[in-house]
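Structure first, commentary second.
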Amino acid sequence: MSEKRKAEFKKFSYKKVLYYITNRFWIKLLCLLMSFLLFLFVRYQKEYAKDYVTKIEIRNIPSRLLIANQLPENVTITLKGFKDNVYELPTEFSAYIDLTNASIGSNMYEIYLAGDIDYSKMNITVSPNKLPIVLDELAYKTVPIEVPTVGVASLGLSVDDIIVNPSNTIISGPKSLISAIDEIKTYNLDLTDKYLDYSAISRLNLPRNIKSDVSRVNVNVIFNKDVERMEFNNIAVNIDNLNSRFNINSDSAFIVNMVVLEANKVLLTNVSLNDILLSIDLKDITNAGVYSNISVEANIPIHTKLVQIEPSYFDVEVIDREAGITNMIESTNEEAAQ
């Protein structure tokens with residue numbers, strides 16, 4: 001050790017060191033305590049975290065190309081920071097994928113945040129931050145439109161034909177998908193309990209990423225018309241809506257001799273005499289008297305057609321109820337006297 005270093009070491013005094021430490025001790029201790037409190041404040045300050053859900057915008061899709069796969073509509077953006085500076089954080093975000101210079105095939109593309117904000121100074125996480133996108137060539141094709149059916153028609157009736165207008169459609173979409181499509185179907189047409197020809201409007205059930213020049217079609221369902229006729233005889237006619245002040249002056253019931261119905265052969269075999277209800281409606285009768293040619297109303301199964309009814313009308317004599325009772329008593333007395 002050099003003489004100079006020895007001299008400096010000899011000059012070292014513990015008293016000086018102690019003096020430096022104890023001089024203004026409380027001020028130094030207070031500074032140390034404040035430093036420690038500042039450390040704790042920064043270390044344990046409450047963090048702010050919030051998730052934002054935003055839609056993804058696809059930009060700059062190359063001409064004659066389109067997206068062939070299904071992409072999620074939204075991404076989640078997680079923003080973290082200290083609670084004290086919440087007011088400085090954005091309140092909403094927008095995200096996009098830039099497909100400039102993209103080519104046919106499957107590739108991973110990064111998701112960017114849009115806007116003029118400098119996001120580099122923020123603790124931001126985008127989930128997912130990349131998406132697989134399949135680009136394919138745009139193609140067109142003309143295909144027929146088919147109508148699938150479900151359910152069973154009333155009493156097992158068969159469908160003779162289904163007419164669709166328009167019968168064809170031009171579809172467009174990724175070439176790989178278009179080449180595998182030979183027809184486009186509508187949504188299912190329910191035939192449950194159907195028995196008569198009818199028309200409906202049906203929407204096309206298009207696959208994903210496929211577009212069509214039409215969205216709806218007119219559908220006409222034609223059932224098998226294997227029609228027959230059946231005759232029913234001696235059916236009693238009911239009297240409906242007669243005012244309680246009146247009676248019908250008749251010794252016998254009104255009888256229809258013949259009713260002829262027409263319907264599909266399969267349906268007609270299930271129709272019985274009990275399914276035919278005949279009536280005369282007298283709700284408009286307000287006075288006693290004889291009323292001619294009052295029509296017979298027929299309530300028949302809805303899948304049948306009334307071809308003939310004989311007779312189709314009756315002459316009805318309406319009398320006051322009290323007069324009817326008097327005539328009945330007189331008739332009874334006459335029969336008893338005899």
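Chain labels run A, B, ... following the order of the structure tokens; each chain numbers its residues from 1, and ligands are numbered from 1 in the order shown.
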Could I get the residues of region 82-192 of chain A with an atom no further than 9 Å from an atom of region 215-239 of chain A, each paired with its nearest atom pair and that distance in Å to one decimal, using only C-alpha atoms, sorted by chain and residue number, as a Markdown table?
| residue | atom | partner | partner_atom | distance |
| --- | --- | --- | --- | --- |
| A:Ile145 | CA | A:Val217 | CA | 8.8 |
| A:Val147 | CA | A:Val219 | CA | 8.1 |
| A:Leu157 | CA | A:Asn224 | CA | 7.1 |
| A:Ser158 | CA | A:Asn224 | CA | 5.8 |
| A:Val159 | CA | A:Phe223 | CA | 4.3 |
| A:Asp160 | CA | A:Asn224 | CA | 4.7 |
| A:Asp161 | CA | A:Ile222 | CA | 5.1 |
| A:Ile162 | CA | A:Val221 | CA | 4.7 |
| A:Ile163 | CA | A:Asn220 | CA | 5.0 |
| A:Val164 | CA | A:Val219 | CA | 4.8 |
| A:Asn165 | CA | A:Asn218 | CA | 5.1 |
| A:Pro166 | CA | A:Val217 | CA | 6.2 |
| A:Ser167 | CA | A:Val217 | CA | 8.2 |
| A:Thr186 | CA | A:Val217 | CA | 8.3 |
Would you output that residue set with C-alpha atoms, as a PDB file, in the first residue's frame?
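To be explicit, this is the file written out as again05.pdb:
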ATOM      1  CA  ILE A 145     -83.882 -24.652 -57.675  1.00  0.00           C
ATOM      2  CA  VAL A 147     -88.010 -27.631 -53.100  1.00  0.00           C
ATOM      3  CA  LEU A 157    -102.196 -37.942 -50.462  1.00  0.00           C
ATOM      4  CA  SER A 158     -99.301 -37.957 -52.899  1.00  0.00           C
ATOM      5  CA  VAL A 159     -97.801 -34.913 -54.613  1.00  0.00           C
ATOM      6  CA  ASP A 160     -98.168 -34.994 -58.366  1.00  0.00           C
ATOM      7  CA  ASP A 161     -95.868 -32.050 -59.134  1.00  0.00           C
ATOM      8  CA  ILE A 162     -94.117 -29.051 -57.570  1.00  0.00           C
ATOM      9  CA  ILE A 163     -93.740 -26.054 -59.881  1.00  0.00           C
ATOM     10  CA  VAL A 164     -91.054 -23.505 -58.969  1.00  0.00           C
ATOM     11  CA  ASN A 165     -90.890 -20.030 -60.503  1.00  0.00           C
ATOM     12  CA  PRO A 166     -88.166 -19.120 -61.326  1.00  0.00           C
ATOM     13  CA  SER A 167     -86.836 -22.631 -61.723  1.00  0.00           C
ATOM     14  CA  THR A 186     -85.318 -23.724 -50.647  1.00  0.00           C
TER      15      THR A 186
END
### Query
Could you pull out all residues of region 112-157 of chain A with a DSSP call of helix (DSSP H, G or I) and give them as number ranges by chain?
A: 119-121, 154-156
Taking only residues of region 89-195 of chain A that have an atom at most 10 Å from an atom of region 286-304 of chain A, what is each one's shortest atom pair and its distance in Å to one decimal, using only C-alpha atoms, in chain and number order, as a Markdown table?
| residue | atom | partner | partner_atom | distance |
| --- | --- | --- | --- | --- |
| A:Ser154 | CA | A:His303 | CA | 9.1 |
| A:Lys194 | CA | A:His303 | CA | 9.2 |
| A:Tyr195 | CA | A:His303 | CA | 6.3 |
Hey, can you spit out that residue selection with all heavy atoms as a compact mmCIF listing (two decimals), in the first residue's frame?
# COMPACT_ATOMS: atom_id res chain seq x y z
N SER A 154 -102.55 -34.87 -45.97
CA SER A 154 -103.73 -35.43 -45.34
C SER A 154 -104.10 -36.79 -45.94
O SER A 154 -104.19 -36.94 -47.17
CB SER A 154 -104.91 -34.45 -45.48
OG SER A 154 -106.06 -34.96 -44.87
N LYS A 194 -101.95 -31.15 -45.58
CA LYS A 194 -102.38 -30.49 -46.81
C LYS A 194 -103.20 -31.48 -47.65
O LYS A 194 -102.95 -32.67 -47.66
CB LYS A 194 -101.16 -30.02 -47.62
CG LYS A 194 -100.29 -28.98 -46.90
CD LYS A 194 -101.03 -27.70 -46.69
CE LYS A 194 -100.12 -26.59 -46.19
NZ LYS A 194 -99.46 -26.86 -44.94
N TYR A 195 -104.20 -30.93 -48.37
CA TYR A 195 -105.06 -31.81 -49.17
C TYR A 195 -105.50 -31.15 -50.48
O TYR A 195 -106.05 -31.81 -51.35
CB TYR A 195 -106.32 -32.20 -48.37
CG TYR A 195 -107.03 -31.03 -47.76
CD1 TYR A 195 -107.93 -30.28 -48.49
CD2 TYR A 195 -106.75 -30.66 -46.47
CE1 TYR A 195 -108.56 -29.20 -47.94
CE2 TYR A 195 -107.38 -29.57 -45.90
CZ TYR A 195 -108.29 -28.84 -46.64
OH TYR A 195 -108.90 -27.77 -46.08
#### Entry: Selected residue, from A:Leu273, A:Ala68, A:Leu282, A:Val152, that lies nearest to Pro207 (chain A) when counting only C-alpha atoms
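Among A:Leu273, A:Ala68, A:Leu282, A:Val152, it is A:Ala68 that comes nearest to Pro207 (chain A).
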### Query
Where in region 225-264 of chain A does DSSP assign strand (DSSP E), given as a PyMOL selection string?
chain A and resi 227-240+246-248+255-264
### Task
Kindly indicate which residue among A:Leu306, A:Val143, A:Ile276, A:Glu317 lies nearest to Asp251 (chain A), using only C-alpha atoms for the distances.
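That would be A:Glu317, the residue with the smallest distance to Asp251 (chain A).
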### Message
For a test of reading the model, state the distance in Å between CA of Asn60 (chain A) and CA of Lys141 (chain A), rounded to one decimal.
### Response
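Computing it gives 25.4 Å between the two atoms.
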Skip Glu146 (chain A) itself and residues of its chain fewer than 2 positions away, then list as an mmCIF file with C-alpha atoms, in the first residue's frame all residues within 7 Å of it, counting only C-alpha atoms.
data_model
loop_
_atom_site.group_PDB
_atom_site.id
_atom_site.type_symbol
_atom_site.label_atom_id
_atom_site.label_comp_id
_atom_site.auth_asym_id
_atom_site.auth_seq_id
_atom_site.Cartn_x
_atom_site.Cartn_y
_atom_site.Cartn_z
ATOM 1 C CA PRO A 144 -81.789 -25.432 -60.776
ATOM 2 C CA PRO A 148 -87.529 -30.264 -50.353
ATOM 3 C CA GLU A 183 -78.526 -27.244 -57.216
ATOM 4 C CA ILE A 184 -79.876 -24.764 -54.702
ATOM 5 C CA LYS A 185 -82.638 -25.783 -52.327
ATOM 6 C CA THR A 186 -85.318 -23.724 -50.647
#
### Task
Kindly give the distance, in Å, that separates CA of Ile133 (chain A) and CA of Ile170 (chain A), rounded to a single decimal.
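If I compute the distance from CA of Ile133 (chain A) to CA of Ile170 (chain A), I get 25.4 Å.
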### Task
Using only C-alpha atoms, determine which residues lie at most 9 Å from Glu310 (chain A), disregarding the query and same-chain residues fewer than 5 positions distant; provide the list as a ChimeraX atom specification.
/A:256-259
What does the file look like for those residues with N, CA, C and O atoms, as a compact mmCIF listing (two decimals), in the first residue's frame?
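Produced file selection24.txt, reproduced below:
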# COMPACT_ATOMS: atom_id res chain seq x y z
N VAL A 256 -133.28 -34.73 -46.89
CA VAL A 256 -132.63 -34.60 -48.20
C VAL A 256 -132.40 -36.00 -48.73
O VAL A 256 -131.77 -36.83 -48.06
N ASN A 257 -132.92 -36.24 -49.92
CA ASN A 257 -132.86 -37.60 -50.47
C ASN A 257 -131.47 -38.01 -50.94
O ASN A 257 -131.08 -39.17 -50.81
N MET A 258 -130.71 -37.01 -51.47
CA MET A 258 -129.43 -37.39 -52.07
C MET A 258 -128.41 -36.25 -51.94
O MET A 258 -128.74 -35.10 -52.21
N VAL A 259 -127.21 -36.61 -51.54
CA VAL A 259 -126.06 -35.69 -51.53
C VAL A 259 -124.92 -36.38 -52.24
O VAL A 259 -124.57 -37.53 -51.90
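Atom pair CA of Phe93 (chain A) / CA of Ile77 (chain A) has a distance of 7.9 Å (rounded to one decimal).
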Excluding Asp281 (chain A) and any residue of its chain fewer than 2 positions from it, enumerate the residues within 7 Å of it, using only C-alpha atoms, and give them as a PDB file with N, CA, C and O atoms, in the first residue's frame.
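The new file around.pdb reads:
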ATOM      1  N   ILE A 239    -132.977 -27.665 -38.030  1.00  0.00           N
ATOM      2  CA  ILE A 239    -133.538 -26.306 -38.038  1.00  0.00           C
ATOM      3  C   ILE A 239    -132.712 -25.461 -37.083  1.00  0.00           C
ATOM      4  O   ILE A 239    -132.625 -25.754 -35.894  1.00  0.00           O
ATOM      5  N   ASP A 240    -132.081 -24.398 -37.591  1.00  0.00           N
ATOM      6  CA  ASP A 240    -131.200 -23.555 -36.783  1.00  0.00           C
ATOM      7  C   ASP A 240    -131.787 -22.158 -36.596  1.00  0.00           C
ATOM      8  O   ASP A 240    -132.431 -21.603 -37.508  1.00  0.00           O
ATOM      9  N   ASN A 241    -131.535 -21.602 -35.432  1.00  0.00           N
ATOM     10  CA  ASN A 241    -131.799 -20.192 -35.124  1.00  0.00           C
ATOM     11  C   ASN A 241    -133.275 -19.791 -35.254  1.00  0.00           C
ATOM     12  O   ASN A 241    -133.583 -18.655 -35.642  1.00  0.00           O
ATOM     13  N   SER A 279    -128.589 -28.167 -42.798  1.00  0.00           N
ATOM     14  CA  SER A 279    -129.402 -27.314 -41.927  1.00  0.00           C
ATOM     15  C   SER A 279    -130.146 -26.269 -42.734  1.00  0.00           C
ATOM     16  O   SER A 279    -129.784 -25.960 -43.876  1.00  0.00           O
ATOM     17  N   LYS A 283    -132.899 -17.599 -38.942  1.00  0.00           N
ATOM     18  CA  LYS A 283    -132.635 -16.446 -38.076  1.00  0.00           C
ATOM     19  C   LYS A 283    -133.334 -15.182 -38.555  1.00  0.00           C
ATOM     20  O   LYS A 283    -133.585 -14.258 -37.762  1.00  0.00           O
TER      21      LYS A 283
END
## Note on the structure
Residue with the minimum atom-to-atom distance to Ala200 (chain A), picked from A:Asp284, A:Tyr52, A:Gln70, A:Tyr187 with only C-alpha atoms counted, is A:Tyr187
